[in-house]
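Structure below is run-v6.cif: mmCIF, C-alpha atoms and all ligand atoms.
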```cif
data_model
#
loop_
_atom_site.group_PDB
_atom_site.id
_atom_site.type_symbol
_atom_site.label_atom_id
_atom_site.label_comp_id
_atom_site.auth_asym_id
_atom_site.auth_seq_id
_atom_site.Cartn_x
_atom_site.Cartn_y
_atom_site.Cartn_z
ATOM 1 C CA MET A 1 -2.088 76.130 -103.002
ATOM 2 C CA GLU A 2 0.548 77.226 -105.416
ATOM 3 C CA TRP A 3 1.598 80.836 -105.388
ATOM 4 C CA VAL A 4 2.741 81.914 -108.800
ATOM 5 C CA VAL A 5 4.518 85.147 -109.534
ATOM 6 C CA SER A 6 3.389 86.275 -112.955
ATOM 7 C CA ASP A 7 5.768 87.375 -115.687
ATOM 8 C CA GLU A 8 3.980 90.725 -115.666
ATOM 9 C CA LEU A 9 4.885 91.265 -112.020
ATOM 10 C CA LEU A 10 8.464 90.212 -112.685
ATOM 11 C CA GLY A 11 8.605 92.506 -115.730
ATOM 12 C CA THR A 12 7.634 95.339 -113.401
ATOM 13 C CA PHE A 13 9.786 94.625 -110.356
ATOM 14 C CA VAL A 14 12.910 92.892 -111.674
ATOM 15 C CA PRO A 15 14.086 96.046 -113.525
ATOM 16 C CA ILE A 16 13.678 98.041 -110.290
ATOM 17 C CA LEU A 17 15.786 95.496 -108.429
ATOM 18 C CA VAL A 18 18.311 95.466 -111.269
ATOM 19 C CA TYR A 19 18.483 99.279 -111.098
ATOM 20 C CA TRP A 20 19.537 99.302 -107.442
ATOM 21 C CA VAL A 21 21.837 96.285 -107.693
ATOM 22 C CA TYR A 22 23.670 97.608 -110.756
ATOM 23 C CA SER A 23 23.933 101.174 -109.509
ATOM 24 C CA GLY A 24 24.908 99.852 -106.062
ATOM 25 C CA PHE A 25 27.730 97.955 -107.721
ATOM 26 C CA TYR A 26 28.876 101.217 -109.347
ATOM 27 C CA MET A 27 28.678 103.098 -106.074
ATOM 28 C CA LEU A 28 30.898 100.473 -104.438
ATOM 29 C CA LEU A 29 33.352 100.745 -107.311
ATOM 30 C CA GLY A 30 33.213 104.530 -107.298
ATOM 31 C CA SER A 31 33.911 104.795 -103.598
ATOM 32 C CA GLY A 32 37.176 102.942 -104.171
ATOM 33 C CA SER A 33 40.256 104.174 -105.926
ATOM 34 C CA LEU A 34 38.855 104.692 -109.404
ATOM 35 C CA ASP A 35 39.497 108.423 -109.607
ATOM 36 C CA ASN A 36 41.617 107.819 -112.695
ATOM 37 C CA TYR A 37 38.535 106.694 -114.594
ATOM 38 C CA ARG A 38 36.080 109.397 -113.539
ATOM 39 C CA LEU A 39 34.653 111.782 -116.140
ATOM 40 C CA HIS A 40 34.399 114.554 -113.511
ATOM 41 C CA SER A 41 36.253 115.165 -110.274
ATOM 42 C CA ARG A 42 34.619 114.399 -106.935
ATOM 43 C CA LYS A 43 34.763 118.101 -106.167
ATOM 44 C CA ASP A 44 32.803 118.924 -109.316
ATOM 45 C CA GLU A 45 30.204 116.347 -108.320
ATOM 46 C CA ASP A 46 29.639 118.227 -105.055
ATOM 47 C CA VAL A 47 29.857 121.729 -106.494
ATOM 48 C CA LYS A 48 28.005 121.411 -109.801
ATOM 49 C CA ASN A 49 25.130 119.111 -108.839
ATOM 50 C CA LEU A 50 22.084 121.027 -107.673
ATOM 51 C CA VAL A 51 20.529 118.248 -105.623
ATOM 52 C CA SER A 52 21.654 116.037 -102.730
ATOM 53 C CA LYS A 53 22.053 112.276 -103.016
ATOM 54 C CA GLY A 54 19.346 111.727 -100.399
ATOM 55 C CA THR A 55 16.851 113.717 -102.462
ATOM 56 C CA VAL A 56 17.866 111.757 -105.569
ATOM 57 C CA VAL A 57 17.202 108.421 -103.826
ATOM 58 C CA LYS A 58 13.775 109.624 -102.670
ATOM 59 C CA GLY A 59 12.957 110.978 -106.140
ATOM 60 C CA VAL A 60 13.899 107.709 -107.845
ATOM 61 C CA VAL A 61 11.946 105.574 -105.362
ATOM 62 C CA LEU A 62 8.855 107.753 -105.765
ATOM 63 C CA GLN A 63 9.109 107.551 -109.515
ATOM 64 C CA GLN A 64 9.605 103.787 -109.488
ATOM 65 C CA ALA A 65 6.585 103.321 -107.210
ATOM 66 C CA ILE A 66 4.312 105.341 -109.506
ATOM 67 C CA GLN A 67 5.669 103.618 -112.598
ATOM 68 C CA ALA A 68 5.233 100.161 -111.071
ATOM 69 C CA LEU A 69 1.545 100.865 -110.405
ATOM 70 C CA VAL A 70 0.992 102.167 -113.920
ATOM 71 C CA ALA A 71 2.975 99.275 -115.455
ATOM 72 C CA ILE A 72 0.881 96.682 -113.603
ATOM 73 C CA PHE A 73 -2.256 98.442 -114.804
ATOM 74 C CA LEU A 74 -1.010 98.489 -118.400
ATOM 75 C CA PHE A 75 0.082 94.857 -118.268
ATOM 76 C CA THR A 76 -3.375 93.953 -116.951
ATOM 77 C CA VAL A 77 -5.367 95.774 -119.624
ATOM 78 C CA THR A 78 -3.151 94.596 -122.491
ATOM 79 C CA ARG A 79 -2.895 91.045 -121.253
ATOM 80 C CA ASN A 80 -3.731 88.277 -123.669
ATOM 81 C CA ASP A 81 -3.931 84.783 -122.310
ATOM 82 C CA ASP A 82 -2.371 83.272 -125.361
ATOM 83 C CA THR A 83 0.847 82.606 -123.498
ATOM 84 C CA ALA A 84 1.360 79.079 -124.802
ATOM 85 C CA THR A 85 3.115 80.370 -127.903
ATOM 86 C CA ASP A 86 5.242 82.854 -125.957
ATOM 87 C CA THR A 87 7.567 80.329 -124.448
ATOM 88 C CA LYS A 88 8.241 78.793 -127.848
ATOM 89 C CA ALA A 89 9.617 81.917 -129.493
ATOM 90 C CA SER A 90 12.840 81.048 -131.274
ATOM 91 C CA VAL A 91 16.090 82.916 -130.735
ATOM 92 C CA VAL A 92 15.672 84.660 -134.092
ATOM 93 C CA VAL A 93 12.185 85.839 -133.163
ATOM 94 C CA LEU A 94 13.378 87.012 -129.748
ATOM 95 C CA LEU A 95 16.257 88.887 -131.329
ATOM 96 C CA ARG A 96 13.935 90.570 -133.813
ATOM 97 C CA GLN A 97 11.576 91.561 -131.001
ATOM 98 C CA PHE A 98 14.459 92.956 -128.948
ATOM 99 C CA VAL A 99 15.852 95.051 -131.802
ATOM 100 C CA THR A 100 12.347 96.280 -132.719
ATOM 101 C CA ALA A 101 11.687 97.247 -129.102
ATOM 102 C CA MET A 102 15.044 99.043 -128.898
ATOM 103 C CA LEU A 103 14.277 101.080 -132.007
ATOM 104 C CA ILE A 104 10.773 101.953 -130.823
ATOM 105 C CA LEU A 105 11.963 103.001 -127.368
ATOM 106 C CA ASP A 106 14.756 105.089 -128.883
ATOM 107 C CA THR A 107 12.385 106.789 -131.320
ATOM 108 C CA TRP A 108 9.834 107.635 -128.648
ATOM 109 C CA GLN A 109 12.460 108.874 -126.213
ATOM 110 C CA TYR A 110 14.349 110.979 -128.759
ATOM 111 C CA PHE A 111 11.342 113.045 -129.799
ATOM 112 C CA MET A 112 9.872 113.336 -126.311
ATOM 113 C CA HIS A 113 13.237 114.214 -124.800
ATOM 114 C CA ARG A 114 13.988 116.767 -127.483
ATOM 115 C CA TYR A 115 10.557 118.326 -127.078
ATOM 116 C CA MET A 116 11.132 118.574 -123.312
ATOM 117 C CA HIS A 117 14.124 120.781 -124.085
ATOM 118 C CA HIS A 118 12.390 122.748 -126.822
ATOM 119 C CA ASN A 119 9.282 123.592 -124.801
ATOM 120 C CA LYS A 120 10.412 126.010 -122.083
ATOM 121 C CA PHE A 121 7.458 125.253 -119.835
ATOM 122 C CA LEU A 122 8.071 121.512 -119.927
ATOM 123 C CA TYR A 123 11.787 122.012 -119.435
ATOM 124 C CA ARG A 124 11.401 124.345 -116.483
ATOM 125 C CA HIS A 125 8.747 122.330 -114.687
ATOM 126 C CA ILE A 126 9.605 118.754 -115.625
ATOM 127 C CA HIS A 127 12.804 117.893 -117.449
ATOM 128 C CA SER A 128 15.128 120.317 -115.622
ATOM 129 C CA GLN A 129 14.856 117.973 -112.630
ATOM 130 C CA HIS A 130 16.988 115.395 -114.431
ATOM 131 C CA HIS A 131 19.489 118.099 -115.376
ATOM 132 C CA ARG A 132 20.087 119.043 -111.758
ATOM 133 C CA LEU A 133 22.736 116.342 -112.078
ATOM 134 C CA VAL A 134 25.431 118.034 -114.122
ATOM 135 C CA VAL A 135 27.818 115.340 -112.954
ATOM 136 C CA PRO A 136 25.784 112.161 -113.398
ATOM 137 C CA TYR A 137 26.208 109.101 -111.195
ATOM 138 C CA ALA A 138 24.726 105.635 -111.490
ATOM 139 C CA PHE A 139 21.679 105.804 -109.220
ATOM 140 C CA GLY A 140 20.804 109.247 -110.542
ATOM 141 C CA ALA A 141 19.940 107.687 -113.916
ATOM 142 C CA LEU A 142 16.210 107.688 -113.244
ATOM 143 C CA TYR A 143 16.115 110.854 -111.179
ATOM 144 C CA ASN A 144 13.276 112.419 -113.132
ATOM 145 C CA HIS A 145 10.059 114.226 -112.500
ATOM 146 C CA PRO A 146 7.403 111.489 -112.051
ATOM 147 C CA LEU A 147 5.553 112.830 -115.079
ATOM 148 C CA GLU A 148 8.677 112.464 -117.181
ATOM 149 C CA GLY A 149 9.089 108.908 -115.931
ATOM 150 C CA LEU A 150 5.554 108.184 -117.090
ATOM 151 C CA LEU A 151 5.810 109.964 -120.436
ATOM 152 C CA LEU A 152 9.246 108.768 -121.506
ATOM 153 C CA ASP A 153 9.854 105.497 -119.727
ATOM 154 C CA THR A 154 6.471 103.958 -118.975
ATOM 155 C CA ILE A 155 4.680 104.923 -122.188
ATOM 156 C CA GLY A 156 7.841 104.327 -124.232
ATOM 157 C CA GLY A 157 8.226 100.941 -122.544
ATOM 158 C CA ALA A 158 4.568 100.060 -123.140
ATOM 159 C CA LEU A 159 4.820 100.975 -126.822
ATOM 160 C CA SER A 160 7.992 98.979 -127.363
ATOM 161 C CA PHE A 161 6.486 96.013 -125.523
ATOM 162 C CA LEU A 162 3.203 96.057 -127.431
ATOM 163 C CA LEU A 163 4.526 96.874 -130.916
ATOM 164 C CA SER A 164 7.436 94.445 -130.790
ATOM 165 C CA GLY A 165 5.058 91.657 -129.852
ATOM 166 C CA MET A 166 7.336 90.299 -127.156
ATOM 167 C CA SER A 167 5.942 88.172 -124.360
ATOM 168 C CA PRO A 168 5.770 89.400 -120.758
ATOM 169 C CA ARG A 169 8.582 86.959 -120.014
ATOM 170 C CA ALA A 170 10.808 88.437 -122.710
ATOM 171 C CA SER A 171 9.954 91.902 -121.386
ATOM 172 C CA ILE A 172 11.557 91.042 -118.031
ATOM 173 C CA PHE A 173 14.866 90.760 -119.876
ATOM 174 C CA PHE A 174 14.272 93.686 -122.210
ATOM 175 C CA PHE A 175 13.347 96.150 -119.465
ATOM 176 C CA SER A 176 16.181 94.918 -117.270
ATOM 177 C CA PHE A 177 18.609 95.412 -120.138
ATOM 178 C CA ALA A 178 17.289 98.903 -120.864
ATOM 179 C CA THR A 179 17.637 99.715 -117.157
ATOM 180 C CA ILE A 180 21.237 98.498 -117.034
ATOM 181 C CA LYS A 181 22.056 100.518 -120.139
ATOM 182 C CA THR A 182 20.527 103.686 -118.678
ATOM 183 C CA VAL A 183 22.366 103.256 -115.377
ATOM 184 C CA ASP A 184 25.597 102.641 -117.268
ATOM 185 C CA ASP A 185 25.116 105.813 -119.305
ATOM 186 C CA HIS A 186 25.024 107.792 -116.053
ATOM 187 C CA CYS A 187 27.782 105.942 -114.175
ATOM 188 C CA GLY A 188 30.319 108.748 -114.631
ATOM 189 C CA LEU A 189 33.162 106.257 -115.061
ATOM 190 C CA TRP A 190 35.078 105.322 -118.182
ATOM 191 C CA LEU A 191 36.280 101.885 -117.170
ATOM 192 C CA PRO A 192 38.477 99.892 -119.540
ATOM 193 C CA GLY A 193 36.699 96.958 -121.165
ATOM 194 C CA ASN A 194 33.171 98.161 -120.372
ATOM 195 C CA PRO A 195 31.216 96.256 -123.056
ATOM 196 C CA PHE A 196 28.657 99.079 -123.403
ATOM 197 C CA HIS A 197 31.440 101.457 -124.378
ATOM 198 C CA VAL A 198 32.616 99.019 -127.018
ATOM 199 C CA LEU A 199 29.203 98.059 -128.410
ATOM 200 C CA PHE A 200 27.383 101.382 -128.263
ATOM 201 C CA ARG A 201 28.463 104.740 -129.561
ATOM 202 C CA ASN A 202 25.669 106.138 -127.434
ATOM 203 C CA ASN A 203 27.349 105.484 -124.103
ATOM 204 C CA THR A 204 28.504 107.102 -120.854
ATOM 205 C CA ALA A 205 30.583 109.797 -122.588
ATOM 206 C CA TYR A 206 27.852 110.462 -125.179
ATOM 207 C CA HIS A 207 25.218 111.064 -122.527
ATOM 208 C CA ASP A 208 27.620 112.958 -120.289
ATOM 209 C CA VAL A 209 27.877 115.553 -123.058
ATOM 210 C CA HIS A 210 24.105 116.043 -122.878
ATOM 211 C CA HIS A 211 24.303 116.726 -119.144
ATOM 212 C CA GLN A 212 26.813 119.569 -119.666
ATOM 213 C CA LEU A 213 25.729 123.128 -120.316
ATOM 214 C CA TYR A 214 27.295 123.146 -123.768
ATOM 215 C CA GLY A 215 25.639 119.845 -124.657
ATOM 216 C CA SER A 216 22.048 120.506 -123.681
ATOM 217 C CA LYS A 217 20.996 120.908 -127.332
ATOM 218 C CA TYR A 218 22.766 117.740 -128.424
ATOM 219 C CA ASN A 219 22.767 113.996 -127.891
ATOM 220 C CA PHE A 220 19.086 113.630 -127.049
ATOM 221 C CA SER A 221 19.092 110.009 -128.205
ATOM 222 C CA GLN A 222 18.611 107.461 -125.452
ATOM 223 C CA PRO A 223 19.017 104.789 -124.315
ATOM 224 C CA PHE A 224 20.523 102.681 -127.102
ATOM 225 C CA PHE A 225 21.559 104.236 -130.412
ATOM 226 C CA SER A 226 22.442 107.620 -131.874
ATOM 227 C CA ILE A 227 20.420 107.284 -135.087
ATOM 228 C CA TRP A 228 17.990 110.167 -134.511
ATOM 229 C CA ASP A 229 20.687 112.598 -133.375
ATOM 230 C CA ARG A 230 22.598 111.895 -136.571
ATOM 231 C CA LEU A 231 19.528 112.247 -138.782
ATOM 232 C CA PHE A 232 18.369 115.501 -137.187
ATOM 233 C CA GLY A 233 21.727 117.217 -136.741
ATOM 234 C CA THR A 234 21.757 117.084 -132.958
ATOM 235 C CA TYR A 235 24.731 114.754 -132.790
ATOM 236 C CA MET A 236 27.690 116.051 -130.811
ATOM 237 C CA PRO A 237 30.698 113.793 -131.187
ATOM 238 C CA CYS A 238 33.215 113.955 -128.382
ATOM 239 C CA SER A 239 36.708 112.785 -127.656
ATOM 240 C CA LEU A 240 37.920 111.470 -124.360
ATOM 241 C CA GLU A 241 40.898 113.429 -123.117
ATOM 242 C CA LYS A 242 42.948 113.143 -119.981
ATOM 243 C CA ARG A 243 41.582 115.488 -117.352
ATOM 244 C CA GLU A 244 43.835 117.647 -115.255
ATOM 245 C CA GLY A 245 44.196 116.022 -111.858
ATOM 246 C CA GLY A 246 43.451 112.511 -113.169
ATOM 247 C CA GLY A 247 40.606 110.791 -114.938
ATOM 248 C CA PHE A 248 39.015 111.584 -118.283
ATOM 249 C CA GLU A 249 36.908 114.297 -119.775
ATOM 250 C CA ALA A 250 34.490 114.207 -122.723
ATOM 251 C CA ARG A 251 35.346 117.149 -124.991
ATOM 252 C CA PRO A 252 33.065 118.294 -127.822
ATOM 253 C CA LEU A 253 34.483 117.786 -131.303
ATOM 254 C CA LYS A 254 32.443 120.434 -133.078
ATOM 255 C CA GLU A 255 31.234 123.978 -132.531
ATOM 256 C CA TYR A 256 28.195 124.151 -130.331
ATOM 257 C CA LYS A 257 25.395 126.672 -130.232
ATOM 258 C CA ALA A 258 25.064 128.464 -126.939
ATOM 259 C CA ASP A 259 21.701 129.689 -125.656
HETATM 260 ZN ZN ZN A 301 17.808 116.349 -121.380
HETATM 261 ZN ZN ZN A 302 20.629 111.664 -118.158
#
```

Let me see whether you can do it: turn the structure in this file into structure tokens.
Ligand SMILES: [Zn+2]
Ligand SMILES: [Zn+2]
Amino acid sequence: MEWVVSDELLGTFVPILVYWVYSGFYMLLGSGSLDNYRLHSRKDEDVKNLVSKGTVVKGVVLQQAIQALVAIFLFTVTRNDDTATDTKASVVVLLRQFVTAMLILDTWQYFMHRYMHHNKFLYRHIHSQHHRLVVPYAFGALYNHPLEGLLLDTIGGALSFLLSGMSPRASIFFFSFATIKTVDDHCGLWLPGNPFHVLFRNNTAYHDVHHQLYGSKYNFSQPFFSIWDRLFGTYMPCSLEKREGGGFEARPLKEYKAD
């Protein structure tokens, strides 16, 4: 009897594996001598973060477990057995589906994320969990309240999958890519030649600004572009300056509104 792993299962579990492999790679790098590329000092990481690394690991695993169950359910109810055409999608079609999915995910996440900050109840009880990491690090990327994981990531992912029309097989790559991008945005390192820093203006420094106290009303866009921040005036440009004691620092380039 042949045991086949479905694309739906892979689309659910490969991104989880990718999350730990990619953030594990960053942790190995970060434990070395890369202090000259850090956006915050090691001391700040210990002092400013309001949660331990052990708790973060547990929080991420819990969230991934819940999301995996929901994702399998959603894949099952939206499944269409017309998979014969899926494998024949041309590169152009795949590219169009990828870009569409990126725009849909970004749109969903921008408005949900911004609303999570605007609504004090939601911020206090749900989104503030993610902001316990003032100094982000790679495997903290998906440290969220499980409800936030469902609202932003799972529903956003489902919408981008369904509306872009991509196949479950293509979704394995799309969700893995989105996961890598999100981990990279939280890596806390500004390494030379990082392709994400070259290709995306919405990158590690951009999202680092959002994690700072002064930046909590800016740079809501995630995970790919900065379109919505620019359109709605929540864009906070930043410059990377040398930080005292080594490394870099993202400094805001315009006046910001305090609370
Ligand atoms: Zn936020
Ligand atoms: Zn974040």

Of the candidates A:Gln222, A:Thr100, A:Ser31, A:Ser176, which one gets nearest to ligand ZN 301 (chain A) if we count all atoms listed in the file?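 Of A:Gln222, A:Thr100, A:Ser31, A:Ser176, the one nearest ligand ZN 301 (chain A), counting all atoms listed in the file, is A:Gln222.
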
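Nearest to A:Tyr143 of all the residues A:Asn194, A:Ser164, A:Gln64, A:Thr234 is A:Gln64, counting all atoms listed in the file.
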
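Considering all atoms listed in the file, the residues that reside within 9 Å of ligand ZN 302 (chain A) can be listed as A:His130, A:His131, A:Leu133, A:Val134, A:Pro136, A:Gly140, A:Ala141, A:Leu142, A:Tyr143, A:Asn144, A:Thr182, A:Asp185, A:His186, A:His207, A:Asp208, A:His210, A:His211, A:Gln222.
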
If we count all atoms listed in the file and set the cut-off at 9 Å, which residues sit around stretch 23-28 of chain A, ignoring sequence neighbours fewer than 4 positions away in its own chain? Please answer as a list in words.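 Near stretch 23-28 of chain A, the qualifying residues are Val18, Tyr19, Gly32, Tyr137, Ala138, Phe139, Gly140, Ala141, Ile180, Val183, Asp184, Cys187 and Leu189 of chain A.
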
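Among the candidates A:Lys257, A:Arg114, A:Arg169, A:Lys242, the one nearest to ligand ZN 301 (chain A) when counting all atoms listed in the file is A:Arg114.
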
Residues selected by the PyMOL selection byres (((chain A and resi 33-40) around 10) and not hetatm), written as a ChimeraX atom specification: /A:29-32,41-45,134-136,187-192,204-205,208,240-243,245-250

Please determine, counting all atoms listed in the file, which residue among A:Glu255, A:Glu148, A:Asp7, A:Glu244 has the shortest atom-to-atom distance to ligand ZN 301 (chain A). A:Glu148

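For the choices A:Leu105, A:Leu94, A:Leu151, A:Leu231, the atom-to-atom distance to A:His127 is smallest for A:Leu151 when using all atoms listed in the file.
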
Give me the residues near A:Arg132 as a list in words, where near means some atom within 7 Å (using only C-alpha atoms) and where sequence neighbours in that chain fewer than 5 positions away do not count.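 Residues near the query, excluding close chain neighbours: Asn49, Leu50 and Val51 of chain A.
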
I'd like to see the residues matched by the PyMOL selection byres (((chain A and resi 256) around 12) and not hetatm) on this file, and ideally I'd get them as a list in words.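 Selection result, ordered by chain and number: Val209, His210, Gln212, Leu213, Tyr214, Gly215, Ser216, Lys217, Tyr218, Asn219, Gly233, Thr234, Tyr235, Met236, Pro237, Cys238, Arg251, Pro252, Leu253, Lys254, Glu255, Lys257, Ala258 and Asp259 of chain A.
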
Provide the atom CA of A:Ser6 to atom CA of A:Ala68 distance in Å, to one decimal place.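 Result for atom CA of A:Ser6 versus atom CA of A:Ala68: 14.1 Å, one decimal.
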
Tell me, as a list in words, which residues lie within 10 Å of A:Ala170, counting only C-alpha atoms; anything in the same chain fewer than 4 positions away does not count. Asp7, Gly11, Asp86, Thr87, Ala89, Leu94, Gln97, Phe98, Phe161, Gly165, Met166, Phe174 and Phe175 of chain A

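Nearest-residue note for ligand ZN 301 (chain A): choosing from A:Leu10, A:Leu152, A:Leu69, A:Ile16, the minimum distance belongs to A:Leu152, counting all atoms listed in the file.
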
Excluding same-chain residues fewer than 5 positions from stretch 195-203 of chain A, what lies within 7 Å of it counting only C-alpha atoms, as a PyMOL selection string? chain A and resi 185+224-226

I'd like the interatomic distance between atom CA of A:Thr76 and atom CA of A:Thr107, to a tenth of an Å. 24.9 Å

Report, in Å to a single decimal, how far apart atom CA of A:Ser221 and atom CA of A:Tyr110 are.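 A separation of 4.9 Å between them.
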
Answer key for the PyMOL selection byres (((chain A and resi 67) around 10) and not hetatm), residues as a short mmCIF file (atom, residue, chain, number, x, y, z; two decimals) with C-alpha atoms, keeping the file's coordinate frame:
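Result file expr.cif:
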```cif
data_model
loop_
_atom_site.label_atom_id
_atom_site.label_comp_id
_atom_site.auth_asym_id
_atom_site.auth_seq_id
_atom_site.Cartn_x
_atom_site.Cartn_y
_atom_site.Cartn_z
CA THR A 12 7.63 95.34 -113.40
CA VAL A 61 11.95 105.57 -105.36
CA LEU A 62 8.86 107.75 -105.76
CA GLN A 63 9.11 107.55 -109.52
CA GLN A 64 9.60 103.79 -109.49
CA ALA A 65 6.58 103.32 -107.21
CA ILE A 66 4.31 105.34 -109.51
CA ALA A 68 5.23 100.16 -111.07
CA LEU A 69 1.54 100.86 -110.40
CA VAL A 70 0.99 102.17 -113.92
CA ALA A 71 2.98 99.28 -115.46
CA ILE A 72 0.88 96.68 -113.60
CA PHE A 73 -2.26 98.44 -114.80
CA PRO A 146 7.40 111.49 -112.05
CA LEU A 147 5.55 112.83 -115.08
CA GLY A 149 9.09 108.91 -115.93
CA LEU A 150 5.55 108.18 -117.09
CA ASP A 153 9.85 105.50 -119.73
CA THR A 154 6.47 103.96 -118.98
CA ILE A 155 4.68 104.92 -122.19
#
```
